[in-house]
Amino acid sequence: MAADLSSLLTSSKALTSHLSKPDLPSVNLSLDQIEAQSRRLVSKRPRTGGDNDRANYLLAQAHVDAPALGASIAHFNPSTTFSPLSALQDTDVSGFLRQAHEQNLISTIEEGRRQTQAEFYRVLEERGRRDWEARKKRVFEELGGRLGGEGGTSLGMSMMEGKKGGLGRSVLGASTSGPAPNMHMQTKMLAYDHVIADLNAARLRGESYPVIHALEDATRSMNQDPTTQQIAQNFSLLSKITKEPATLPPLEHPSAHILNTPLFERKYARVYLGEGDSRESVGLRKQIARGAMQALEEQYWDVIEKTVQARPMEARLGGDPSITNRVRAFLLVRYYRGGEWQERIELVGGQPLWAKLFFLVRTGHMQEALAEVTQQQHLVERHEASFVSHFRVWVESPDQSLPKAHRDHLQSVYNAHMLHSTSDPFKLALYKLMGKLDPGRRNVPLVTTTTEDWLWYQLAMIDEEQLGGLGALAEVLLSYGERHFEGPAGQKGVKRGVWAGVLLMVGEFERAVTALWEHEETEIEAVHMAIALAYHGLLRVAPRAETSDTTPLVLSPVTSPALSLSTLIWRYVRQFVRIDAKEALQYIYCIPLSSDQGDGVGREQLETAWDLIRRTIVLANTGPAWEELVGGFRADGTRFSGLIEQGATLLKLWDSKEFNEQILVRAARQAEENDRIAEAIKLYNLAGEYGTVVACLAQALGNSVASAQGDKALEQTAGEILRHYERTNKAAGKDREAVVRLLRIREAMGAKEAGRPEVALEIMEGMELVPLDGDVAKITKRAEEFKDLHEALQRNLHTYLVLVVDALAAAHQKVKNSVAPEATKKTQLASLRRKSRSLIMFAGMLKYRMSPDVYSYLARVDVEIAL
């Protein structure tokens with residue numbers, strides 16, 4: 001092998017011998033060295049994939065030099081992209097400014113793009129997390145509570161309820177299982193329950209009810225943590241928006257409410273749900289803004305009072321308790337330090353008049369402000385001529401607006417002396433408020449220092465005639481979002497309800513309810529605020545087809561936001577619908593408040609309310625409370641109505657026929673589908689469906705007879721109903737006869753189990769269901785008539801045949817073991833043998849209707865009796 005390699009090396013050198021140059025030394029490398037050098041050369045070569053090689057080949061055929069273009073791109077320097085094509089001269093100021101302006105535009109666009117992209121991904125992440133939390137919460141509620149088994153009913157029970165069709169599917173879609181409320185939640189629920197019950201009682205009487213004030217009082221009666229205080233302020237805000245009085249005038253006579261009491265229910269529904277550009281709609285938006293301002297004014301007056309009381313030495317209030325003097329004292333505390341007023345505070349007659357006027361206006365004391373400026377008129381006009389006349393017209397106008405001539409004059413003064421000056425910020429704010437000047441600048445330094453101040457100022461600057469009015473302000477606030485007012489969604493330990501209050505101020509009522517619903521600590525308040533809004537007609541309800549399981553809010557690019565009130569209410573009441581169905585009813589009664597909404601939505605609300613009433617009936621625990629819910633019959637057979645029927649007018653069910661059809665009969669069907677037969681029978685009976693009652697009884701008893709224990713409650717109910725029907729001659733026919741016979745069969749089974757077989761035989765012979773007298777003709781006739789029996793009796797043929805033969809065997813054994821005379825025993829045994837033979841003959845004729853095992857058992861017992 002070595003010789004072969006040596007000869008190969010010699011021959012290879014001979015191949016290049018004619019090329020060798022004596023001045024160049026020869027290089028001798030081993031194979032390992034050659035391999036290492038080859039790998040080093042390959043590593044230095046640019047790596048190009050096969051796809052690039054093929055692409056370069058194809059481009060070369062089109063006369064495109066791809067490698068050259070690649071090299072050009074690699075050496076391209078983009079830093080000079082936006083530099084001027086020709087060099088700018090040092091004296092070319094306009095060119096330099098133009099270039100700087102273009103660069104600023106490009107930088108602004110790029111910065112805006114980056115910010116928009118970052119905001120998009122942030123909102124996307126937050127929305128995804130919120131949707132996931134909502135869906136996860138929904139799943140946990142359906143499966144029986146939170147992770148870790150916190151509260152709620154078991155999953156097995158939920159699955160048991162949903163095992164059949166009909167209601168089972170609908171209930172599983174909105175499970176009644178949920179986390180058990182803690183003590184704080186129970187306290188809130190109990191306090192609010194009384195309000196909703198009082199509301200419905202007033203609706204039944206045809207009277208108005210101050211529901212918002214009642215909810216506010218209930219909220220203030222609880223532990224005053226920051227969130228609860230904010231919720232109480234939200235209810236107070238809503239009462240200002242709706243102009244709901246705290247108390248109603250007393251009624252002088254029973255019909256006084258028709259004439260004197262203001263009608264709160266659905267007062268604003270027609271305008272709120274109507275066209276947004278109508279005069280009434282504009283008036284409603286102005287009322288919303290004015291009500292929100294009043295609430296903010298009252299809140300700030302409380303701040304002034306508390307500030308003055310907390311620092312009496314600095315306030316120097318003295319013995320004058322007037323409103324103007326208290327504002328003066330507040331200004332001393334806030335803006336007076338070390339014997340000097342804060343910079344930019346302008347003094348008029350030695351006092352900060354502009355600040356005093358502004359805070360009088362800020363707290364809603366317009367007349368006091370007018371009196372103050374009138375008293376100081378001679379001093380004011382030295383600084384600001386004609387201000388007092390403008391201010392008087394503004395204060396005395398119904399909606400705090402000025403005629404065009406006044407506004408134009410204020411605009412000219414503002415542009416000439418204030419726009420770019422360092423004048424008193426409170427004077428600047430007053431000018432802007434009176435003339436609604438420069439609305440694009442939403443901040444006034446030293447004036448809009450808090451969120452509440454800023455909101456009040458924006459509401460005061462609203463002009464429905466220009467710049468979009470309240471709707472434009474709502475868009476601005478929505479662009480800020482919840483994070484701006486409360487912090488990130490899901491963050492713990494913050495005061496909730498602020499964002500909802502902000503949305504209420506701009507008329508975004510559906511979004512306000514959703515903002516409360518999205519946080520666990522304010523879910524209960526969301527439900528009750530939605531009910532209060534629906535009562536006053538300030539809630540737009542979503543169509544059934546657009547509702548979602550994850551969020552009650554429905555947003556559409558072509559319509560206004562809408563809310564699924566039924567979803568809110570059912571997800572709230574399902575926590576206690578089983579154990580306290582009466583309270584759940586009170587909330588369901590509130591769903592038809594929106595029955596007057598157009599486009600078929602109102603009808604959907606009624607149907608949804610009826611469906612939830614039926615669910616409540618089926619899901620509620622049985623017992624006396626259940627009968628109190630649906631009604632029943634007294635011992636003397638008279639009927640009494642239940643709570644649902646008493647509140648039927650709230651469900652827009654005006655006559656008993658419609659009530660029976662929509663509520664009782666359909667609830668009975670759902671109960672029957674969910675194996676709650678006793679309740680279904682009672683409901684059919686209450687609805688007057690007597691034929692259905694006995695048919696249902698026959699079916700249920702037919703199922704019960706075959707079981708060893710039976711259904712005692714069902715048998716008791718059947719006995720009571722049967723006695724009442726026989727006494728009043730109702731539902732006579734085949735079904736009632738089957739019920740009588742099935743009850744007698746159960747009675748015979750009970751007698752046999754009690755050790756009285758002769759009584760069981762007597763009962764069975766009395767029904768003539770099984771011929772036992774030995775007459776072949778009669779036996780044949782009974783076998784032929786068997787096909788005409790009720791289906792429940794035919795189905796239970798083997799049951800009562802086995803019952804009779806067991807009773808015969810027990811009686812036979814009892815006679816054999818007795819101490820009676822032999823002649824008597826012989827006669828009795830012969831009678832039992834005859835009856836047994838009759839039974840086996842009858843069974844033989846119907847052998848095809850029973851299993852072979854049953855017939856074999858009958859024959860075996862007959863043989864034992866014959867011995």
# chains A, B, ... in the order shown; residues from 1 in each chain; ligands from 1
$ closest_atom_pairs --of "region 639-727 of chain A" --to "region 781-802 of chain A" --cutoff "8 Å" --atoms "only C-alpha atoms" --output "CSV"
residue,atom,partner,partner_atom,distance
A:Ala698,CA,A:Ala792,CA,6.5
A:Gln699,CA,A:Ala792,CA,6.1
A:Leu701,CA,A:Ala792,CA,7.9
A:Gly702,CA,A:Ala792,CA,4.8
A:Asn703,CA,A:Ala792,CA,7.8
A:Val705,CA,A:Asn796,CA,7.6
A:Ala706,CA,A:Thr799,CA,6.2
$ write_last_selection --atoms "C-alpha atoms" --output "compact mmCIF listing (two decimals), in the first residue's frame"
# COMPACT_ATOMS: atom_id res chain seq x y z
CA ALA A 698 -100.20 8.46 35.24
CA GLN A 699 -96.83 8.64 33.52
CA LEU A 701 -96.75 6.86 38.82
CA GLY A 702 -96.09 4.32 36.11
CA ASN A 703 -92.38 5.00 36.54
CA VAL A 705 -94.54 1.74 40.67
CA ALA A 706 -91.68 -0.26 39.22
$ residues_around --residues "region 190-199 of chain A" --least-positions-apart "5" --cutoff "8 Å" --atoms "only C-alpha atoms" --output "PyMOL selection string"
chain A and resi 209+211+214-215+218-219+528+583+586-587
$ closest_atom_pairs --of "region 591-614 of chain A" --to "region 651-674 of chain A" --cutoff "7 Å" --atoms "only C-alpha atoms" --output "CSV"
residue,atom,partner,partner_atom,distance
A:Pro592,CA,A:Leu651,CA,6.1
A:Leu606,CA,A:Leu651,CA,6.8
A:Trp610,CA,A:Ile663,CA,6.5
A:Arg614,CA,A:Ala667,CA,4.9
$ atom_distance --atom1 "CA of Val739 (chain A)" --atom2 "CA of Gly719 (chain A)"
9.0 Å
$ atom_distance --atom1 "CA of Val303 (chain A)" --atom2 "CA of Thr363 (chain A)"
10.0 Å
$ residues_around --residues "Gly338 (chain A)" --least-positions-apart "5" --cutoff "12 Å" --atoms "only C-alpha atoms" --output "list of chain:residue names"
A:Glu314, A:Leu332, A:Val333
$ atom_distance --atom1 "CA of Gln411 (chain A)" --atom2 "CA of Val361 (chain A)"
20.2 Å
$ residues_around --residues "Trp499 (chain A)" --least-positions-apart "5" --cutoff "9 Å" --atoms "only C-alpha atoms" --output "list of chain:residue names"
A:Gly481, A:Glu482, A:Arg483, A:His484, A:Phe485, A:Glu486, A:Leu504, A:Ala512, A:Ala515, A:Leu516
$ write_last_selection --atoms "N, CA, C and O atoms" --output "PDB file, in the first residue's frame"
ATOM      1  N   GLY A 481     -59.184  56.793  28.662  1.00  0.00           N
ATOM      2  CA  GLY A 481     -59.400  55.440  29.171  1.00  0.00           C
ATOM      3  C   GLY A 481     -59.360  55.353  30.680  1.00  0.00           C
ATOM      4  O   GLY A 481     -59.076  56.316  31.402  1.00  0.00           O
ATOM      5  N   GLU A 482     -59.627  54.161  31.164  1.00  0.00           N
ATOM      6  CA  GLU A 482     -59.717  53.908  32.597  1.00  0.00           C
ATOM      7  C   GLU A 482     -58.374  54.092  33.298  1.00  0.00           C
ATOM      8  O   GLU A 482     -58.318  54.535  34.451  1.00  0.00           O
ATOM      9  N   ARG A 483     -57.293  53.753  32.637  1.00  0.00           N
ATOM     10  CA  ARG A 483     -55.965  53.844  33.260  1.00  0.00           C
ATOM     11  C   ARG A 483     -55.666  55.262  33.730  1.00  0.00           C
ATOM     12  O   ARG A 483     -54.989  55.469  34.739  1.00  0.00           O
ATOM     13  N   HIS A 484     -56.161  56.247  33.010  1.00  0.00           N
ATOM     14  CA  HIS A 484     -55.870  57.637  33.335  1.00  0.00           C
ATOM     15  C   HIS A 484     -56.520  58.051  34.656  1.00  0.00           C
ATOM     16  O   HIS A 484     -56.012  58.951  35.344  1.00  0.00           O
ATOM     17  N   PHE A 485     -57.645  57.413  35.015  1.00  0.00           N
ATOM     18  CA  PHE A 485     -58.408  57.825  36.190  1.00  0.00           C
ATOM     19  C   PHE A 485     -58.302  56.848  37.359  1.00  0.00           C
ATOM     20  O   PHE A 485     -58.425  57.253  38.503  1.00  0.00           O
ATOM     21  N   GLU A 486     -58.094  55.568  37.064  1.00  0.00           N
ATOM     22  CA  GLU A 486     -58.050  54.575  38.140  1.00  0.00           C
ATOM     23  C   GLU A 486     -56.789  53.741  38.154  1.00  0.00           C
ATOM     24  O   GLU A 486     -56.554  53.005  39.110  1.00  0.00           O
ATOM     25  N   LEU A 504     -70.497  58.596  33.582  1.00  0.00           N
ATOM     26  CA  LEU A 504     -71.841  59.099  33.869  1.00  0.00           C
ATOM     27  C   LEU A 504     -71.945  60.586  33.551  1.00  0.00           C
ATOM     28  O   LEU A 504     -72.983  61.062  33.060  1.00  0.00           O
ATOM     29  N   ALA A 512     -70.580  53.147  31.701  1.00  0.00           N
ATOM     30  CA  ALA A 512     -70.366  53.322  33.144  1.00  0.00           C
ATOM     31  C   ALA A 512     -70.737  52.053  33.901  1.00  0.00           C
ATOM     32  O   ALA A 512     -70.017  51.612  34.805  1.00  0.00           O
ATOM     33  N   ALA A 515     -68.089  49.494  33.298  1.00  0.00           N
ATOM     34  CA  ALA A 515     -66.862  49.791  34.037  1.00  0.00           C
ATOM     35  C   ALA A 515     -66.950  49.287  35.467  1.00  0.00           C
ATOM     36  O   ALA A 515     -65.948  48.831  36.032  1.00  0.00           O
ATOM     37  N   LEU A 516     -68.130  49.340  36.071  1.00  0.00           N
ATOM     38  CA  LEU A 516     -68.311  48.777  37.409  1.00  0.00           C
ATOM     39  C   LEU A 516     -68.353  47.257  37.363  1.00  0.00           C
ATOM     40  O   LEU A 516     -67.822  46.575  38.243  1.00  0.00           O
TER      41      LEU A 516
END
$ residues_around --residues "Gly274 (chain A)" --least-positions-apart "5" --cutoff "10 Å" --atoms "only C-alpha atoms" --output "PDB file with N, CA and C atoms, in the first residue's frame"
ATOM      1  N   TYR A 268     -87.259  59.481  30.639  1.00  0.00           N
ATOM      2  CA  TYR A 268     -86.379  59.969  29.570  1.00  0.00           C
ATOM      3  C   TYR A 268     -86.214  58.969  28.433  1.00  0.00           C
ATOM      4  N   ALA A 269     -86.961  57.887  28.451  1.00  0.00           N
ATOM      5  CA  ALA A 269     -86.732  56.806  27.482  1.00  0.00           C
ATOM      6  C   ALA A 269     -86.956  57.273  26.054  1.00  0.00           C
ATOM      7  N   GLU A 280     -85.149  67.857  21.798  1.00  0.00           N
ATOM      8  CA  GLU A 280     -85.241  67.206  23.106  1.00  0.00           C
ATOM      9  C   GLU A 280     -83.933  66.520  23.479  1.00  0.00           C
ATOM     10  N   SER A 281     -83.258  65.909  22.494  1.00  0.00           N
ATOM     11  CA  SER A 281     -81.989  65.235  22.779  1.00  0.00           C
ATOM     12  C   SER A 281     -80.914  66.234  23.192  1.00  0.00           C
ATOM     13  N   GLN A 597     -88.765  49.707  24.393  1.00  0.00           N
ATOM     14  CA  GLN A 597     -87.746  49.992  23.375  1.00  0.00           C
ATOM     15  C   GLN A 597     -88.175  49.415  22.040  1.00  0.00           C
ATOM     16  N   GLY A 598     -87.879  50.132  20.977  1.00  0.00           N
ATOM     17  CA  GLY A 598     -88.341  49.743  19.646  1.00  0.00           C
ATOM     18  C   GLY A 598     -87.501  48.674  18.984  1.00  0.00           C
TER      19      GLY A 598
END
$ select_by_dssp --residues "region 631-731 of chain A" --states "alpha helix (DSSP H)" --output "ChimeraX atom specification"
/A:643-646,656-659,666-673,677-686,690-705,712-728
$ closest_residue --among "A:Gly364, A:Ser322, A:Ile644, A:Ser594" --to "Ile613 (chain A)" --atoms "only C-alpha atoms"
A:Ile644
$ residues_around --residues "Glu726 (chain A)" --least-positions-apart "2" --cutoff "12 Å" --atoms "only C-alpha atoms" --output "compact mmCIF listing (two decimals) with N, CA and C atoms, in the first residue's frame"
# COMPACT_ATOMS: atom_id res chain seq x y z
N GLY A 637 -109.67 23.11 49.15
CA GLY A 637 -109.70 23.07 47.69
C GLY A 637 -109.66 24.43 47.02
N TYR A 690 -106.11 20.33 33.65
CA TYR A 690 -106.42 19.17 34.47
C TYR A 690 -106.16 17.86 33.72
N VAL A 694 -103.50 14.77 35.07
CA VAL A 694 -103.70 13.33 35.29
C VAL A 694 -102.84 12.51 34.34
N ALA A 718 -100.50 13.08 44.26
CA ALA A 718 -101.49 12.46 43.38
C ALA A 718 -102.79 12.16 44.13
N GLY A 719 -102.67 11.69 45.35
CA GLY A 719 -103.87 11.40 46.14
C GLY A 719 -104.69 12.65 46.42
N GLU A 720 -104.01 13.75 46.78
CA GLU A 720 -104.72 15.00 47.04
C GLU A 720 -105.41 15.52 45.79
N ILE A 721 -104.67 15.52 44.67
CA ILE A 721 -105.26 16.02 43.43
C ILE A 721 -106.41 15.14 42.99
N LEU A 722 -106.26 13.84 43.14
CA LEU A 722 -107.30 12.92 42.70
C LEU A 722 -108.58 13.10 43.51
N ARG A 723 -108.44 13.26 44.81
CA ARG A 723 -109.63 13.48 45.63
C ARG A 723 -110.33 14.78 45.24
N HIS A 724 -109.55 15.82 44.95
CA HIS A 724 -110.15 17.09 44.54
C HIS A 724 -110.84 16.95 43.19
N THR A 728 -114.85 17.42 42.37
CA THR A 728 -115.32 18.45 41.43
C THR A 728 -115.57 17.90 40.03
N ASN A 729 -115.39 16.57 39.86
CA ASN A 729 -115.64 15.91 38.57
C ASN A 729 -114.80 16.53 37.45
N LYS A 730 -113.49 16.57 37.67
CA LYS A 730 -112.58 17.12 36.67
C LYS A 730 -111.71 16.01 36.11
N ALA A 731 -111.40 16.15 34.82
CA ALA A 731 -110.44 15.27 34.13
C ALA A 731 -110.85 13.81 34.21
N ALA A 732 -112.14 13.54 34.09
CA ALA A 732 -112.57 12.14 34.08
C ALA A 732 -112.13 11.47 32.78
N GLY A 733 -111.81 10.17 32.87
CA GLY A 733 -111.40 9.46 31.67
C GLY A 733 -110.36 8.40 31.97
N ARG A 736 -107.35 9.34 34.42
CA ARG A 736 -107.68 9.37 35.84
C ARG A 736 -107.90 7.97 36.39
N GLU A 737 -108.52 7.11 35.59
CA GLU A 737 -108.72 5.73 36.02
C GLU A 737 -107.38 5.03 36.21
N VAL A 739 -104.57 6.47 37.05
CA VAL A 739 -103.97 7.00 38.27
C VAL A 739 -104.54 6.29 39.50
N VAL A 740 -105.87 6.07 39.50
CA VAL A 740 -106.52 5.38 40.63
C VAL A 740 -105.94 3.98 40.78
